[in-house]
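File shown: target_31.cif (mmCIF, N, CA and C atoms and all ligand atoms).
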data_model
loop_
_atom_site.label_atom_id
_atom_site.label_comp_id
_atom_site.auth_asym_id
_atom_site.auth_seq_id
_atom_site.Cartn_x
_atom_site.Cartn_y
_atom_site.Cartn_z
N MET A 1463 -16.87 113.21 -2.78
CA MET A 1463 -17.12 111.79 -2.99
C MET A 1463 -17.48 111.53 -4.44
N ASN A 1464 -16.87 110.50 -5.00
CA ASN A 1464 -17.11 110.16 -6.39
C ASN A 1464 -17.86 108.84 -6.49
N ALA A 1465 -19.04 108.88 -7.12
CA ALA A 1465 -19.86 107.69 -7.27
C ALA A 1465 -19.84 107.24 -8.73
N LEU A 1466 -19.66 105.95 -8.93
CA LEU A 1466 -19.73 105.37 -10.27
C LEU A 1466 -21.09 104.70 -10.43
N ILE A 1467 -21.84 105.13 -11.44
CA ILE A 1467 -23.18 104.59 -11.69
C ILE A 1467 -23.08 103.60 -12.84
N VAL A 1468 -23.34 102.33 -12.54
CA VAL A 1468 -23.22 101.27 -13.55
C VAL A 1468 -24.63 100.77 -13.88
N ASP A 1469 -25.11 101.14 -15.06
CA ASP A 1469 -26.49 100.78 -15.45
C ASP A 1469 -26.56 100.85 -16.97
N ASP A 1470 -27.27 99.90 -17.59
CA ASP A 1470 -27.35 99.92 -19.05
C ASP A 1470 -28.40 100.91 -19.55
N SER A 1471 -29.22 101.46 -18.68
CA SER A 1471 -30.21 102.46 -19.10
C SER A 1471 -29.62 103.86 -18.94
N SER A 1472 -29.47 104.56 -20.06
CA SER A 1472 -28.89 105.91 -19.98
C SER A 1472 -29.82 106.84 -19.23
N THR A 1473 -31.13 106.61 -19.34
CA THR A 1473 -32.10 107.42 -18.60
C THR A 1473 -31.92 107.24 -17.11
N MET A 1474 -31.77 105.98 -16.69
CA MET A 1474 -31.58 105.72 -15.26
C MET A 1474 -30.26 106.32 -14.77
N ARG A 1475 -29.21 106.20 -15.57
CA ARG A 1475 -27.93 106.81 -15.18
C ARG A 1475 -28.09 108.31 -14.97
N LYS A 1476 -28.86 108.95 -15.87
CA LYS A 1476 -29.07 110.39 -15.75
C LYS A 1476 -29.85 110.75 -14.49
N ILE A 1477 -30.89 109.97 -14.21
CA ILE A 1477 -31.72 110.24 -13.02
C ILE A 1477 -30.88 110.11 -11.74
N VAL A 1478 -30.10 109.03 -11.68
CA VAL A 1478 -29.29 108.79 -10.49
C VAL A 1478 -28.20 109.87 -10.37
N SER A 1479 -27.62 110.21 -11.52
CA SER A 1479 -26.56 111.21 -11.53
C SER A 1479 -27.08 112.56 -11.04
N LEU A 1480 -28.27 112.94 -11.48
CA LEU A 1480 -28.87 114.20 -11.04
C LEU A 1480 -29.15 114.17 -9.54
N ALA A 1481 -29.69 113.04 -9.07
CA ALA A 1481 -30.01 112.91 -7.64
C ALA A 1481 -28.74 113.04 -6.80
N LEU A 1482 -27.69 112.38 -7.24
CA LEU A 1482 -26.44 112.40 -6.45
C LEU A 1482 -25.73 113.74 -6.58
N GLY A 1483 -25.80 114.32 -7.78
CA GLY A 1483 -25.20 115.64 -7.98
C GLY A 1483 -25.82 116.66 -7.02
N GLY A 1484 -27.14 116.56 -6.87
CA GLY A 1484 -27.85 117.46 -5.96
C GLY A 1484 -27.47 117.26 -4.51
N ALA A 1485 -26.93 116.07 -4.20
CA ALA A 1485 -26.52 115.78 -2.83
C ALA A 1485 -25.01 115.99 -2.64
N GLY A 1486 -24.36 116.56 -3.65
CA GLY A 1486 -22.96 116.93 -3.51
C GLY A 1486 -21.95 115.90 -3.99
N TYR A 1487 -22.42 114.84 -4.61
CA TYR A 1487 -21.49 113.83 -5.15
C TYR A 1487 -21.05 114.24 -6.55
N SER A 1488 -19.84 113.87 -6.91
CA SER A 1488 -19.50 113.88 -8.33
C SER A 1488 -19.75 112.47 -8.85
N THR A 1489 -20.06 112.35 -10.13
CA THR A 1489 -20.47 111.04 -10.64
C THR A 1489 -19.74 110.70 -11.94
N GLN A 1490 -19.60 109.40 -12.14
CA GLN A 1490 -19.14 108.86 -13.42
C GLN A 1490 -20.17 107.81 -13.80
N GLU A 1491 -20.18 107.43 -15.08
CA GLU A 1491 -21.17 106.45 -15.53
C GLU A 1491 -20.50 105.34 -16.34
N ALA A 1492 -21.11 104.15 -16.26
CA ALA A 1492 -20.68 103.04 -17.10
C ALA A 1492 -21.93 102.29 -17.55
N GLU A 1493 -21.91 101.78 -18.81
CA GLU A 1493 -23.12 101.20 -19.39
C GLU A 1493 -23.25 99.69 -19.18
N ASN A 1494 -22.23 99.08 -18.61
CA ASN A 1494 -22.35 97.66 -18.27
C ASN A 1494 -21.25 97.31 -17.25
N GLY A 1495 -21.29 96.07 -16.77
CA GLY A 1495 -20.36 95.69 -15.72
C GLY A 1495 -18.90 95.71 -16.17
N ARG A 1496 -18.68 95.34 -17.42
CA ARG A 1496 -17.29 95.31 -17.92
C ARG A 1496 -16.67 96.71 -17.91
N VAL A 1497 -17.42 97.68 -18.46
CA VAL A 1497 -16.92 99.06 -18.47
C VAL A 1497 -16.83 99.57 -17.03
N GLY A 1498 -17.80 99.17 -16.21
CA GLY A 1498 -17.78 99.57 -14.81
C GLY A 1498 -16.53 99.07 -14.09
N LEU A 1499 -16.16 97.84 -14.38
CA LEU A 1499 -14.97 97.26 -13.75
C LEU A 1499 -13.72 98.02 -14.19
N GLU A 1500 -13.65 98.33 -15.48
CA GLU A 1500 -12.50 99.10 -15.99
C GLU A 1500 -12.41 100.46 -15.29
N LYS A 1501 -13.55 101.13 -15.18
CA LYS A 1501 -13.54 102.46 -14.55
C LYS A 1501 -13.23 102.36 -13.06
N THR A 1502 -13.71 101.31 -12.40
CA THR A 1502 -13.40 101.13 -10.98
C THR A 1502 -11.89 100.94 -10.81
N MET A 1503 -11.28 100.18 -11.73
CA MET A 1503 -9.85 99.89 -11.63
C MET A 1503 -8.99 101.12 -11.92
N LEU A 1504 -9.54 102.09 -12.62
CA LEU A 1504 -8.78 103.32 -12.86
C LEU A 1504 -8.58 104.11 -11.57
N GLY A 1505 -9.41 103.86 -10.57
CA GLY A 1505 -9.23 104.49 -9.26
C GLY A 1505 -10.07 105.74 -9.10
N GLY A 1506 -10.09 106.25 -7.87
CA GLY A 1506 -10.84 107.47 -7.59
C GLY A 1506 -12.33 107.27 -7.40
N VAL A 1507 -12.77 106.00 -7.39
CA VAL A 1507 -14.19 105.72 -7.18
C VAL A 1507 -14.40 105.41 -5.69
N ASP A 1508 -15.24 106.20 -5.03
CA ASP A 1508 -15.49 105.99 -3.60
C ASP A 1508 -16.62 105.01 -3.35
N LEU A 1509 -17.48 104.86 -4.35
CA LEU A 1509 -18.67 104.04 -4.15
C LEU A 1509 -19.28 103.74 -5.51
N VAL A 1510 -19.90 102.56 -5.61
CA VAL A 1510 -20.48 102.12 -6.88
C VAL A 1510 -21.97 101.87 -6.70
N LEU A 1511 -22.77 102.39 -7.64
CA LEU A 1511 -24.20 102.05 -7.71
C LEU A 1511 -24.36 101.08 -8.84
N LEU A 1512 -24.97 99.93 -8.58
CA LEU A 1512 -24.88 98.83 -9.54
C LEU A 1512 -26.23 98.23 -9.88
N ASP A 1513 -26.54 98.24 -11.16
CA ASP A 1513 -27.71 97.54 -11.71
C ASP A 1513 -27.36 96.05 -11.78
N ILE A 1514 -28.36 95.19 -11.95
CA ILE A 1514 -28.06 93.77 -12.13
C ILE A 1514 -28.15 93.38 -13.60
N ASN A 1515 -29.31 93.65 -14.21
CA ASN A 1515 -29.54 93.18 -15.56
C ASN A 1515 -28.89 94.11 -16.58
N MET A 1516 -27.74 93.67 -17.12
CA MET A 1516 -27.00 94.48 -18.10
C MET A 1516 -26.32 93.54 -19.08
N PRO A 1517 -26.10 94.00 -20.33
CA PRO A 1517 -25.38 93.17 -21.30
C PRO A 1517 -23.88 93.10 -20.98
N GLU A 1518 -23.23 92.15 -21.61
CA GLU A 1518 -21.75 91.96 -21.52
C GLU A 1518 -21.30 91.45 -20.16
N MET A 1519 -21.57 92.19 -19.10
CA MET A 1519 -21.26 91.70 -17.75
C MET A 1519 -22.34 92.23 -16.83
N ASN A 1520 -23.09 91.33 -16.19
CA ASN A 1520 -24.18 91.81 -15.34
C ASN A 1520 -23.65 92.18 -13.95
N GLY A 1521 -24.54 92.67 -13.12
CA GLY A 1521 -24.12 93.19 -11.83
C GLY A 1521 -23.51 92.13 -10.92
N LEU A 1522 -24.06 90.92 -10.96
CA LEU A 1522 -23.53 89.85 -10.11
C LEU A 1522 -22.14 89.43 -10.59
N GLU A 1523 -21.96 89.38 -11.91
CA GLU A 1523 -20.64 89.06 -12.47
C GLU A 1523 -19.63 90.15 -12.12
N TYR A 1524 -20.09 91.38 -12.14
CA TYR A 1524 -19.22 92.50 -11.75
C TYR A 1524 -18.76 92.31 -10.30
N LEU A 1525 -19.71 91.99 -9.42
CA LEU A 1525 -19.36 91.82 -7.99
C LEU A 1525 -18.33 90.71 -7.80
N GLU A 1526 -18.55 89.62 -8.52
CA GLU A 1526 -17.65 88.47 -8.40
C GLU A 1526 -16.25 88.83 -8.89
N ALA A 1527 -16.19 89.48 -10.05
CA ALA A 1527 -14.88 89.87 -10.61
C ALA A 1527 -14.18 90.88 -9.69
N LYS A 1528 -14.93 91.85 -9.20
CA LYS A 1528 -14.35 92.90 -8.36
C LYS A 1528 -13.79 92.31 -7.07
N SER A 1529 -14.49 91.32 -6.52
CA SER A 1529 -14.05 90.74 -5.24
C SER A 1529 -12.69 90.05 -5.36
N LYS A 1530 -12.30 89.70 -6.60
CA LYS A 1530 -11.03 88.99 -6.81
C LYS A 1530 -9.89 89.93 -7.13
N ILE A 1531 -10.19 91.24 -7.23
CA ILE A 1531 -9.13 92.22 -7.54
C ILE A 1531 -8.87 93.01 -6.27
N SER A 1532 -7.73 92.73 -5.64
CA SER A 1532 -7.53 93.25 -4.28
C SER A 1532 -7.53 94.77 -4.21
N SER A 1533 -7.07 95.44 -5.28
CA SER A 1533 -6.99 96.90 -5.22
C SER A 1533 -8.37 97.56 -5.18
N ILE A 1534 -9.41 96.86 -5.61
CA ILE A 1534 -10.75 97.47 -5.63
C ILE A 1534 -11.79 96.68 -4.84
N ALA A 1535 -11.36 95.56 -4.27
CA ALA A 1535 -12.32 94.67 -3.59
C ALA A 1535 -13.11 95.39 -2.51
N LYS A 1536 -12.50 96.39 -1.88
CA LYS A 1536 -13.16 97.05 -0.74
C LYS A 1536 -14.00 98.27 -1.13
N VAL A 1537 -14.03 98.64 -2.39
CA VAL A 1537 -14.87 99.78 -2.79
C VAL A 1537 -16.34 99.39 -2.56
N PRO A 1538 -17.08 100.17 -1.76
CA PRO A 1538 -18.45 99.76 -1.43
C PRO A 1538 -19.40 99.82 -2.62
N VAL A 1539 -20.31 98.86 -2.68
CA VAL A 1539 -21.29 98.78 -3.78
C VAL A 1539 -22.70 98.78 -3.19
N VAL A 1540 -23.55 99.61 -3.76
CA VAL A 1540 -24.98 99.60 -3.44
C VAL A 1540 -25.73 99.15 -4.69
N MET A 1541 -26.52 98.10 -4.56
CA MET A 1541 -27.30 97.62 -5.69
C MET A 1541 -28.49 98.55 -5.92
N LEU A 1542 -28.80 98.80 -7.19
CA LEU A 1542 -29.95 99.63 -7.54
C LEU A 1542 -30.58 98.98 -8.77
N THR A 1543 -31.66 98.23 -8.55
CA THR A 1543 -32.18 97.37 -9.61
C THR A 1543 -33.70 97.28 -9.53
N THR A 1544 -34.33 96.93 -10.65
CA THR A 1544 -35.78 96.71 -10.63
C THR A 1544 -36.11 95.33 -10.08
N GLN A 1545 -35.10 94.46 -9.99
CA GLN A 1545 -35.37 93.08 -9.58
C GLN A 1545 -35.32 92.96 -8.06
N ASP A 1546 -36.46 92.56 -7.47
CA ASP A 1546 -36.51 92.53 -6.00
C ASP A 1546 -36.56 91.10 -5.44
N GLU A 1547 -36.26 90.09 -6.29
CA GLU A 1547 -36.30 88.71 -5.80
C GLU A 1547 -35.31 88.52 -4.65
N LYS A 1548 -35.80 87.79 -3.63
CA LYS A 1548 -35.00 87.58 -2.43
C LYS A 1548 -33.68 86.87 -2.73
N GLU A 1549 -33.72 85.88 -3.65
CA GLU A 1549 -32.50 85.12 -3.96
C GLU A 1549 -31.43 86.05 -4.56
N LEU A 1550 -31.90 86.99 -5.40
CA LEU A 1550 -30.95 87.92 -6.00
C LEU A 1550 -30.34 88.84 -4.95
N GLN A 1551 -31.18 89.30 -4.03
CA GLN A 1551 -30.68 90.16 -2.95
C GLN A 1551 -29.63 89.42 -2.14
N GLU A 1552 -29.95 88.17 -1.78
CA GLU A 1552 -29.01 87.38 -0.97
C GLU A 1552 -27.72 87.13 -1.72
N LYS A 1553 -27.85 86.82 -3.00
CA LYS A 1553 -26.67 86.57 -3.84
C LYS A 1553 -25.78 87.82 -3.89
N ALA A 1554 -26.40 88.97 -4.13
CA ALA A 1554 -25.64 90.23 -4.24
C ALA A 1554 -24.94 90.53 -2.91
N LEU A 1555 -25.66 90.36 -1.81
CA LEU A 1555 -25.06 90.66 -0.51
C LEU A 1555 -23.94 89.66 -0.20
N SER A 1556 -24.13 88.41 -0.60
CA SER A 1556 -23.08 87.41 -0.33
C SER A 1556 -21.84 87.66 -1.19
N LEU A 1557 -22.04 88.34 -2.32
CA LEU A 1557 -20.89 88.69 -3.17
C LEU A 1557 -20.27 90.02 -2.76
N GLY A 1558 -20.77 90.62 -1.67
CA GLY A 1558 -20.09 91.79 -1.12
C GLY A 1558 -20.83 93.11 -1.22
N ALA A 1559 -22.02 93.12 -1.86
CA ALA A 1559 -22.77 94.38 -1.91
C ALA A 1559 -23.16 94.81 -0.50
N LYS A 1560 -23.14 96.13 -0.25
CA LYS A 1560 -23.41 96.64 1.10
C LYS A 1560 -24.89 96.92 1.33
N ALA A 1561 -25.63 97.17 0.27
CA ALA A 1561 -27.05 97.49 0.42
C ALA A 1561 -27.75 97.19 -0.90
N TYR A 1562 -29.08 97.08 -0.82
CA TYR A 1562 -29.86 96.69 -1.98
C TYR A 1562 -31.09 97.58 -2.07
N LEU A 1563 -31.14 98.42 -3.09
CA LEU A 1563 -32.29 99.30 -3.28
C LEU A 1563 -33.02 98.88 -4.55
N VAL A 1564 -34.35 99.03 -4.51
CA VAL A 1564 -35.15 98.64 -5.67
C VAL A 1564 -35.68 99.89 -6.36
N LYS A 1565 -35.55 99.91 -7.70
CA LYS A 1565 -36.07 101.01 -8.51
C LYS A 1565 -37.58 100.84 -8.67
N PRO A 1566 -38.37 101.90 -8.74
CA PRO A 1566 -37.94 103.29 -8.62
C PRO A 1566 -37.58 103.64 -7.17
N PHE A 1567 -36.59 104.48 -7.03
CA PHE A 1567 -36.11 104.81 -5.68
C PHE A 1567 -36.53 106.23 -5.32
N LYS A 1568 -36.55 106.49 -4.02
CA LYS A 1568 -36.75 107.87 -3.57
C LYS A 1568 -35.37 108.47 -3.34
N LYS A 1569 -35.20 109.69 -3.82
CA LYS A 1569 -33.90 110.35 -3.73
C LYS A 1569 -33.36 110.35 -2.29
N ASP A 1570 -34.25 110.64 -1.34
CA ASP A 1570 -33.80 110.71 0.06
C ASP A 1570 -33.32 109.35 0.56
N ASP A 1571 -34.01 108.27 0.16
CA ASP A 1571 -33.60 106.92 0.55
C ASP A 1571 -32.23 106.60 -0.02
N LEU A 1572 -32.04 106.97 -1.28
CA LEU A 1572 -30.77 106.70 -1.94
C LEU A 1572 -29.63 107.42 -1.21
N VAL A 1573 -29.81 108.70 -0.99
CA VAL A 1573 -28.76 109.50 -0.36
C VAL A 1573 -28.48 109.00 1.06
N ALA A 1574 -29.55 108.64 1.79
CA ALA A 1574 -29.38 108.13 3.16
C ALA A 1574 -28.61 106.81 3.16
N THR A 1575 -28.94 105.95 2.21
CA THR A 1575 -28.25 104.65 2.12
C THR A 1575 -26.78 104.84 1.80
N LEU A 1576 -26.50 105.75 0.87
CA LEU A 1576 -25.10 105.97 0.49
C LEU A 1576 -24.29 106.50 1.67
N SER A 1577 -24.86 107.44 2.41
CA SER A 1577 -24.05 107.97 3.51
C SER A 1577 -23.86 106.94 4.61
N LYS A 1578 -24.81 106.01 4.75
CA LYS A 1578 -24.65 104.92 5.72
C LYS A 1578 -23.51 103.99 5.30
N VAL A 1579 -23.42 103.73 4.00
CA VAL A 1579 -22.44 102.78 3.48
C VAL A 1579 -21.03 103.36 3.48
N LEU A 1580 -20.93 104.67 3.32
CA LEU A 1580 -19.59 105.29 3.20
C LEU A 1580 -18.90 105.46 4.55
MG MG A 1601 -30.55 97.08 -16.53
#
When written as structure tokens, how does the structure in this file appear?
Amino acid sequence: MNALIVDDSSTMRKIVSLALGGAGYSTQEAENGRVGLEKTMLGGVDLVLLDINMPEMNGLEYLEAKSKISSIAKVPVVMLTTQDEKELQEKALSLGAKAYLVKPFKKDDLVATLSKVL
């Protein structure tokens, strides 16, 4: 399984990548939604972990753009963000996100959520 980690924090990308690597995933990284969208469109991405607050294209904009591209619209997305506002959660889920996790996360919760979504 290949997971794409989209987050503007390189530290967070590393933490998530290590957690997923330990659970048997291979990982790719993108530093914002625009790069994430490009990498998703290249194919081979089984699942996306998505931050919200990022420069250039934020997580909600990524979800909206992705939903309009039929070749990638169905790739599952799990939100992973420090922002826990209910409106943001509802917005992300209405734009197609499958789950919403709040940072800091527990590795076991993350892995359990991903296997549920896949
Ligand atoms: Mg961020």
Checklist entry - Got a sec to check which residues lie within 6 Å of ligand MG 1601 (chain A), using only C-alpha atoms and all ligand atoms, and send them as a list of chain:residue names? => result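 Counting only what the definition allows, namely only C-alpha atoms and all ligand atoms, the set is A:Asp1469, A:Asp1470, A:Ser1471, A:Asp1513, A:Asn1515, A:Met1516.
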Next on the checklist: Ranking A:Lys1553, A:Lys1568, A:Lys1528, A:Arg1496 by minimum distance to Ala1481 of chain A and counting only C-alpha atoms, which one comes first?
Outcome noted: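 Ranking A:Lys1553, A:Lys1568, A:Lys1528, A:Arg1496 by distance to Ala1481 of chain A, first place goes to A:Lys1568.
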Next on the checklist: List as a ChimeraX atom specification the protein and nucleic acid residues near Lys1578 of chain A, meaning an atom at most 10 Å away when only C-alpha atoms are counted, but skip any in the same chain fewer than 4 places from it.
Outcome noted: /A:1560-1561,1572-1574
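Separating atom CA of Asp1546 of chain A from atom N of Ser1532 of chain A is a distance of 28.8 Å.
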Checklist entry - Taking into account only C-alpha atoms, which residue in the set A:Thr1502, A:Asn1464, A:Ser1533, A:Thr1473 is nearest to Gly1486 of chain A? => result A:Asn1464
